[in-house]
$ cat final_23.cif   # mmCIF, C-alpha atoms
data_structure
loop_
_atom_site.group_PDB
_atom_site.id
_atom_site.type_symbol
_atom_site.label_atom_id
_atom_site.label_comp_id
_atom_site.auth_asym_id
_atom_site.auth_seq_id
_atom_site.Cartn_x
_atom_site.Cartn_y
_atom_site.Cartn_z
ATOM 1 C CA MET A 1 116.948 394.513 22.893
ATOM 2 C CA LEU A 2 116.273 397.226 20.366
ATOM 3 C CA ALA A 3 117.127 400.743 21.336
ATOM 4 C CA VAL A 4 114.348 403.299 21.101
ATOM 5 C CA LEU A 5 115.205 405.917 18.491
ATOM 6 C CA THR A 6 115.527 409.504 19.566
ATOM 7 C CA GLY A 7 113.814 412.407 17.861
ATOM 8 C CA ALA A 8 117.110 413.365 16.225
ATOM 9 C CA ALA A 9 117.507 409.923 14.685
ATOM 10 C CA LEU A 10 114.051 410.141 13.230
ATOM 11 C CA LEU A 11 115.170 412.943 10.933
ATOM 12 C CA MET A 12 117.543 410.668 9.009
ATOM 13 C CA THR A 13 114.948 409.874 6.383
ATOM 14 C CA ALA A 14 115.743 408.004 3.211
ATOM 15 C CA PRO A 15 116.017 410.063 0.019
ATOM 16 C CA VAL A 16 112.774 410.493 -1.897
ATOM 17 C CA SER A 17 112.924 409.190 -5.458
ATOM 18 C CA GLY A 18 112.932 411.445 -8.490
ATOM 19 C CA ALA A 19 109.521 410.068 -9.434
ATOM 20 C CA ALA A 20 108.128 411.156 -6.087
ATOM 21 C CA GLN A 21 109.709 414.596 -6.398
ATOM 22 C CA ALA A 22 108.110 415.000 -9.811
ATOM 23 C CA ALA A 23 104.750 414.415 -8.136
ATOM 24 C CA GLY A 24 105.373 417.247 -5.674
ATOM 25 C CA ILE A 25 106.708 415.205 -2.747
ATOM 26 C CA SER A 26 110.161 416.199 -1.556
ATOM 27 C CA SER A 27 112.844 415.032 0.852
ATOM 28 C CA ALA A 28 111.789 417.891 3.117
ATOM 29 C CA ASP A 29 108.283 416.391 3.191
ATOM 30 C CA ALA A 30 109.779 413.035 4.163
ATOM 31 C CA SER A 31 111.661 414.695 7.025
ATOM 32 C CA GLU A 32 108.538 416.472 8.222
ATOM 33 C CA SER A 33 106.591 413.227 8.054
ATOM 34 C CA HIS A 34 109.164 411.720 10.406
ATOM 35 C CA ARG A 35 108.797 414.614 12.804
ATOM 36 C CA ALA A 36 105.151 413.596 13.121
ATOM 37 C CA ALA A 37 106.264 410.072 14.027
ATOM 38 C CA ALA A 38 108.606 411.216 16.789
ATOM 39 C CA GLY A 39 105.867 411.435 19.414
ATOM 40 C CA PHE A 40 104.397 408.016 18.656
ATOM 41 C CA GLN A 41 106.715 405.749 20.631
ATOM 42 C CA ASP A 42 104.222 405.249 23.458
ATOM 43 C CA VAL A 43 101.323 404.745 21.054
ATOM 44 C CA LEU A 44 103.321 402.106 19.157
ATOM 45 C CA VAL A 45 104.138 400.302 22.401
ATOM 46 C CA ARG A 46 100.413 400.155 23.167
ATOM 47 C CA PHE A 47 99.674 399.089 19.594
ATOM 48 C CA PHE A 48 101.975 396.093 19.920
ATOM 49 C CA ALA A 49 100.935 395.329 23.500
ATOM 50 C CA GLN A 50 97.225 395.139 22.616
ATOM 51 C CA ALA A 51 97.631 393.070 19.444
ATOM 52 C CA PRO A 52 96.274 389.493 19.538
ATOM 53 C CA ASP A 53 99.793 388.036 19.187
ATOM 54 C CA ALA A 54 101.312 390.130 22.013
ATOM 55 C CA HIS A 55 103.649 388.365 24.445
ATOM 56 C CA GLY A 56 104.407 391.096 26.947
ATOM 57 C CA PRO A 57 106.006 394.571 27.028
ATOM 58 C CA VAL A 58 108.190 395.623 24.122
ATOM 59 C CA GLN A 59 110.492 398.407 23.081
ATOM 60 C CA VAL A 60 109.954 399.994 19.674
ATOM 61 C CA GLN A 61 112.346 401.162 16.990
ATOM 62 C CA ILE A 62 111.124 403.474 14.230
ATOM 63 C CA ALA A 63 113.094 403.017 11.005
ATOM 64 C CA PRO A 64 114.856 406.022 9.408
ATOM 65 C CA ASP A 65 112.822 405.573 6.223
ATOM 66 C CA ALA A 66 109.796 407.277 4.709
ATOM 67 C CA TYR A 67 108.467 405.477 1.636
ATOM 68 C CA PRO A 68 106.033 407.460 -0.563
ATOM 69 C CA VAL A 69 102.983 405.352 -1.398
ATOM 70 C CA TYR A 70 100.630 406.115 -4.280
ATOM 71 C CA GLU A 71 97.042 404.871 -4.585
ATOM 72 C CA LEU A 72 95.283 404.221 -7.888
ATOM 73 C CA SER A 73 94.084 407.545 -9.330
ATOM 74 C CA PRO A 74 90.385 408.047 -10.176
ATOM 75 C CA ASP A 75 91.441 410.300 -13.078
ATOM 76 C CA PHE A 76 93.603 407.493 -14.457
ATOM 77 C CA VAL A 77 90.764 405.001 -14.058
ATOM 78 C CA ALA A 78 88.474 407.397 -15.924
ATOM 79 C CA GLY A 79 91.002 407.627 -18.765
ATOM 80 C CA LYS A 80 91.691 411.348 -18.496
ATOM 81 C CA PRO A 81 94.544 412.431 -20.787
ATOM 82 C CA ASP A 82 97.979 412.583 -19.138
ATOM 83 C CA ALA A 83 96.645 411.345 -15.766
ATOM 84 C CA ALA A 84 99.282 409.526 -13.723
ATOM 85 C CA PRO A 85 98.394 405.992 -12.556
ATOM 86 C CA GLY A 86 98.602 406.973 -8.890
ATOM 87 C CA ASP A 87 97.982 409.894 -6.549
ATOM 88 C CA PHE A 88 100.256 410.349 -3.542
ATOM 89 C CA ALA A 89 98.526 408.881 -0.474
ATOM 90 C CA TYR A 90 100.980 408.739 2.440
ATOM 91 C CA PHE A 91 104.538 408.165 3.603
ATOM 92 C CA ALA A 92 104.984 404.668 5.048
ATOM 93 C CA ILE A 93 107.330 404.651 8.058
ATOM 94 C CA PRO A 94 108.253 401.169 9.322
ATOM 95 C CA ALA A 95 108.525 400.334 13.011
ATOM 96 C CA ARG A 96 109.779 397.177 14.716
ATOM 97 C CA ALA A 97 109.135 395.851 18.201
ATOM 98 C CA SER A 98 111.863 394.195 20.247
ATOM 99 C CA ASP A 99 110.117 390.822 19.813
ATOM 100 C CA GLY A 100 110.429 391.074 16.012
ATOM 101 C CA ARG A 101 106.886 392.164 15.144
ATOM 102 C CA THR A 102 106.510 395.039 12.692
ATOM 103 C CA ALA A 103 104.081 397.867 12.027
ATOM 104 C CA THR A 104 103.821 400.811 9.655
ATOM 105 C CA LEU A 105 103.002 404.414 10.462
ATOM 106 C CA TRP A 106 101.115 406.284 7.745
ATOM 107 C CA SER A 107 102.151 409.934 7.665
ATOM 108 C CA VAL A 108 99.672 412.149 5.806
ATOM 109 C CA ARG A 109 99.437 415.861 5.124
ATOM 110 C CA GLY A 110 96.648 417.477 7.140
ATOM 111 C CA ALA A 111 94.252 420.131 5.942
ATOM 112 C CA ASP A 112 96.524 422.768 7.497
ATOM 113 C CA GLY A 113 99.513 421.496 5.508
ATOM 114 C CA THR A 114 101.310 419.833 8.415
ATOM 115 C CA TRP A 115 102.253 416.158 8.441
ATOM 116 C CA GLN A 116 100.336 413.917 10.825
ATOM 117 C CA ILE A 117 100.182 410.209 11.643
ATOM 118 C CA GLY A 118 96.845 409.114 10.216
ATOM 119 C CA ASN A 119 97.077 405.348 10.696
ATOM 120 C CA ILE A 120 99.105 402.544 12.223
ATOM 121 C CA ALA A 121 98.894 399.169 10.473
ATOM 122 C CA SER A 122 100.516 395.877 11.372
ATOM 123 C CA GLY A 123 103.304 394.547 9.192
ATOM 124 C CA ASP A 124 105.911 396.118 6.923
ATOM 125 C CA VAL A 125 104.067 395.546 3.640
ATOM 126 C CA GLU A 126 104.878 398.915 2.082
ATOM 127 C CA GLY A 127 108.522 398.740 3.090
ATOM 128 C CA GLU A 128 108.976 395.263 1.645
ATOM 129 C CA TYR A 129 107.653 396.380 -1.711
ATOM 130 C CA ALA A 130 109.411 399.762 -1.680
ATOM 131 C CA ARG A 131 112.753 398.031 -1.194
ATOM 132 C CA LYS A 132 112.108 396.061 -4.410
ATOM 133 C CA LEU A 133 111.487 399.159 -6.539
ATOM 134 C CA PRO A 134 113.765 399.940 -9.476
ATOM 135 C CA ALA A 135 115.543 403.286 -9.204
ATOM 136 C CA GLY A 136 113.194 406.186 -9.934
ATOM 137 C CA ALA A 137 110.001 404.117 -9.723
ATOM 138 C CA GLN A 138 106.886 404.928 -7.717
ATOM 139 C CA LEU A 139 105.184 402.418 -5.409
ATOM 140 C CA LEU A 140 101.570 402.069 -6.577
ATOM 141 C CA HIS A 141 98.825 400.293 -4.612
ATOM 142 C CA GLU A 142 95.552 399.105 -6.126
ATOM 143 C CA PRO A 143 93.446 398.864 -2.942
ATOM 144 C CA GLN A 144 90.496 396.809 -4.147
ATOM 145 C CA VAL A 145 92.619 393.779 -5.007
ATOM 146 C CA ASP A 146 95.531 394.689 -2.700
ATOM 147 C CA ALA A 147 98.000 394.593 -5.583
ATOM 148 C CA TRP A 148 101.318 396.463 -5.649
ATOM 149 C CA TYR A 149 103.145 397.826 -8.667
ATOM 150 C CA ALA A 150 106.229 399.740 -9.741
ATOM 151 C CA VAL A 151 105.519 402.696 -12.038
ATOM 152 C CA ARG A 152 108.380 404.143 -14.080
ATOM 153 C CA ASP A 153 108.524 405.873 -17.458
ATOM 154 C CA GLY A 154 104.834 405.225 -18.045
ATOM 155 C CA GLN A 155 105.220 401.472 -17.489
ATOM 156 C CA VAL A 156 103.385 399.511 -14.790
ATOM 157 C CA THR A 157 105.087 396.359 -13.474
ATOM 158 C CA SER A 158 103.665 393.919 -10.927
ATOM 159 C CA LEU A 159 105.827 393.605 -7.820
ATOM 160 C CA ALA A 160 104.406 390.138 -7.230
ATOM 161 C CA ASP A 161 105.967 388.517 -10.268
ATOM 162 C CA GLY A 162 107.916 391.244 -12.090
ATOM 163 C CA ARG A 163 105.530 391.123 -15.051
ATOM 164 C CA ALA A 164 104.979 394.286 -17.074
ATOM 165 C CA ILE A 165 101.250 394.992 -17.406
ATOM 166 C CA ALA A 166 100.269 396.228 -20.844
ATOM 167 C CA GLY A 167 97.073 398.263 -21.078
ATOM 168 C CA TYR A 168 96.867 398.794 -17.321
ATOM 169 C CA GLN A 169 94.585 401.804 -17.717
ATOM 170 C CA GLN A 170 92.107 399.730 -19.698
ATOM 171 C CA ILE A 171 92.252 396.972 -17.080
ATOM 172 C CA VAL A 172 91.455 399.271 -14.151
ATOM 173 C CA GLY A 173 88.961 401.222 -16.251
ATOM 174 C CA ASN A 174 87.012 398.019 -16.799
ATOM 175 C CA ARG A 175 87.223 397.168 -13.113
ATOM 176 C CA TYR A 176 86.340 400.503 -11.539
ATOM 177 C CA ALA A 177 84.916 403.013 -14.038
ATOM 178 C CA ASP A 178 81.421 402.423 -12.624
ATOM 179 C CA LYS A 179 82.677 402.928 -9.051
ATOM 180 C CA LEU A 180 84.251 406.383 -9.328
ATOM 181 C CA PRO A 181 83.186 409.348 -7.172
ATOM 182 C CA GLY A 182 79.710 410.456 -8.229
ATOM 183 C CA SER A 183 78.722 407.005 -9.485
ATOM 184 C CA ALA A 184 75.658 405.167 -8.232
ATOM 185 C CA TYR A 185 78.046 402.723 -6.557
ATOM 186 C CA SER A 186 79.654 405.559 -4.631
ATOM 187 C CA ARG A 187 76.357 407.288 -3.794
ATOM 188 C CA ASP A 188 74.969 404.032 -2.402
ATOM 189 C CA GLY A 189 77.977 403.699 -0.111
ATOM 190 C CA GLU A 190 78.982 400.313 -1.489
ATOM 191 C CA ALA A 191 82.399 399.448 0.012
ATOM 192 C CA GLY A 192 83.140 403.160 0.344
ATOM 193 C CA GLY A 193 82.948 403.752 -3.419
ATOM 194 C CA PHE A 194 86.278 404.415 -5.113
ATOM 195 C CA ASP A 195 88.297 406.251 -2.476
ATOM 196 C CA ALA A 196 92.000 405.544 -2.230
ATOM 197 C CA THR A 197 92.120 406.703 1.402
ATOM 198 C CA SER A 198 88.979 404.948 2.623
ATOM 199 C CA GLN A 199 89.558 402.538 5.490
ATOM 200 C CA VAL A 200 86.449 400.520 4.630
ATOM 201 C CA MET A 201 87.847 399.400 1.292
ATOM 202 C CA PRO A 202 87.831 395.617 0.894
ATOM 203 C CA ARG A 203 91.357 394.258 0.652
ATOM 204 C CA GLY A 204 91.086 391.066 -1.369
ATOM 205 C CA ASP A 205 93.420 388.148 -1.880
ATOM 206 C CA GLY A 206 93.889 388.734 -5.609
ATOM 207 C CA GLY A 207 96.884 390.982 -5.296
ATOM 208 C CA ALA A 208 100.466 390.722 -4.306
ATOM 209 C CA ALA A 209 100.649 390.826 -0.522
ATOM 210 C CA PRO A 210 103.911 389.312 0.762
ATOM 211 C CA SER A 211 103.563 385.834 2.200
ATOM 212 C CA GLY A 212 102.443 385.931 5.818
ATOM 213 C CA HIS A 213 101.252 389.522 5.634
ATOM 214 C CA ASP A 214 97.792 390.923 5.999
ATOM 215 C CA THR A 215 95.050 391.488 3.472
ATOM 216 C CA GLY A 216 92.220 393.070 5.425
ATOM 217 C CA TRP A 217 91.374 395.800 7.910
ATOM 218 C CA VAL A 218 89.790 395.788 11.358
ATOM 219 C CA PRO A 219 89.781 398.766 13.735
ATOM 220 C CA LEU A 220 92.076 398.634 16.736
ATOM 221 C CA LEU A 221 89.416 399.889 19.135
ATOM 222 C CA ILE A 222 91.584 399.469 22.199
ATOM 223 C CA LEU A 223 93.590 402.573 21.236
ATOM 224 C CA VAL A 224 90.684 404.899 20.550
ATOM 225 C CA GLY A 225 90.901 406.309 24.072
ATOM 226 C CA VAL A 226 94.607 407.039 23.681
ATOM 227 C CA LEU A 227 94.034 409.048 20.528
ATOM 228 C CA ALA A 228 90.923 410.785 21.800
ATOM 229 C CA VAL A 229 93.037 412.269 24.587
ATOM 230 C CA SER A 230 95.454 413.654 22.004
ATOM 231 C CA GLY A 231 92.580 415.308 20.149
ATOM 232 C CA ALA A 232 94.162 414.341 16.833
ATOM 233 C CA GLY A 233 91.380 412.107 15.581
ATOM 234 C CA TYR A 234 93.716 409.437 14.227
ATOM 235 C CA VAL A 235 92.417 406.233 12.666
ATOM 236 C CA LEU A 236 94.294 403.108 13.723
ATOM 237 C CA HIS A 237 93.845 399.707 12.148
ATOM 238 C CA LEU A 238 95.287 396.260 12.310
ATOM 239 C CA ARG A 239 95.745 394.415 9.067
ATOM 240 C CA ARG A 240 94.107 391.020 9.470
ATOM 241 C CA HIS A 241 96.059 387.931 8.510
ATOM 242 C CA ALA A 242 94.532 386.053 5.653
ATOM 243 C CA ALA A 243 92.811 382.829 6.629
#
$ encode --input "final_23.cif" --output "structure tokens"
Amino acid sequence: MLAVLTGAALLMTAPVSGAAQAAGISSADASESHRAAAGFQDVLVRFFAQAPDAHGPVQVQIAPDAYPVYELSPDFVAGKPDAAPGDFAYFAIPARASDGRTATLWSVRGADGTWQIGNIASGDVEGEYARKLPAGAQLLHEPQVDAWYAVRDGQVTSLADGRAIAGYQQIVGNRYADKLPGSAYSRDGEAGGFDATSQVMPRGDGGAAPSGHDTGWVPLLILVGVLAVSGAGYVLHLRRHAA
């Protein structure tokens, strides 16, 4: 059986890459993001227990890692000079149940500047990709097609096949320029508009999700009561398995 990590163990976060530090995210932020995860053991147990593939009570281990995840930047899509491909979105903190199932805590900075757990998703998608990153690279997610990339030295490389993507800004500009904030698409509420943190974004099958992992979102309604008691207003989701 897996041992449940203590609060002290949670502070042993992995170093944050130089690329992440350049974007204003530090190792101290990673440590604080883990502090937010320390009180989520019971919530994770319920998360696993209420999942469709649950097979009884479990113990939960939270990994000593905090992977910075970047979402495609609207400024980059719009072609603004010197815009980075991605904006920091959240730290991904993997968790594993004693029966082998995995989940990921999303640690986000709240309006008051403190780190909070904003989402729990099934699977270790972010961790699997982050562990493939070259040294100094950022992990970039393109939500609409659920594709994952490494960004380093101005180069964008697909983590699905290792292929460098020339003209990536032009590609995403063609895809999403008419869906940016303020567009008719956004005003009409179509698929949430272009919002890297929106939980109603479609997650398609055209990207690079690891085999056997999830490509969609459905709310885990069973835990709403748990979070309402905490008063934190968290949003929890399961990632659906692709058909």
$ closest_residue --input "final_23.cif" --among "A:Arg175, A:Pro181, A:Pro134, A:Ala28" --to "Leu159 (chain A)" --atoms "all atoms listed in the file"
A:Pro134
$ atom_distance --input "final_23.cif" --atom1 "CA of Ser122 (chain A)" --atom2 "CA of Leu105 (chain A)"
8.9 Å
$ atom_distance --input "final_23.cif" --atom1 "CA of Asp75 (chain A)" --atom2 "CA of Val172 (chain A)"
11.1 Å
$ resolve_selection --input "final_23.cif" --expression "the PyMOL selection byres ((chain A and resi 47-63) around 6)" --output "VMD selection string"
chain A and resid 4 to 5 44 to 46 64 to 65 94 to 98
$ atom_distance --input "final_23.cif" --atom1 "CA of Ala103 (chain A)" --atom2 "CA of Pro74 (chain A)"
28.0 Å
$ residues_around --input "final_23.cif" --residues "Tyr176 (chain A)" --least-positions-apart "5" --cutoff "9 Å" --atoms "all atoms listed in the file" --output "MDAnalysis selection string"
chainID A and resid 74 77:78 171 194
$ closest_residue --input "final_23.cif" --among "A:Pro68, A:Gly167, A:Gly110, A:Gly127" --to "Gly86 (chain A)" --atoms "all atoms listed in the file"
A:Pro68
$ resolve_selection --input "final_23.cif" --expression "the PyMOL selection byres ((chain A and resi 158) around 10)" --output "list of chain:residue names"
A:Leu140, A:Ala147, A:Trp148, A:Tyr149, A:Ala150, A:Val151, A:Val156, A:Thr157, A:Leu159, A:Ala160, A:Asp161, A:Gly162, A:Arg163, A:Ala164, A:Ile165, A:Gly207, A:Ala208
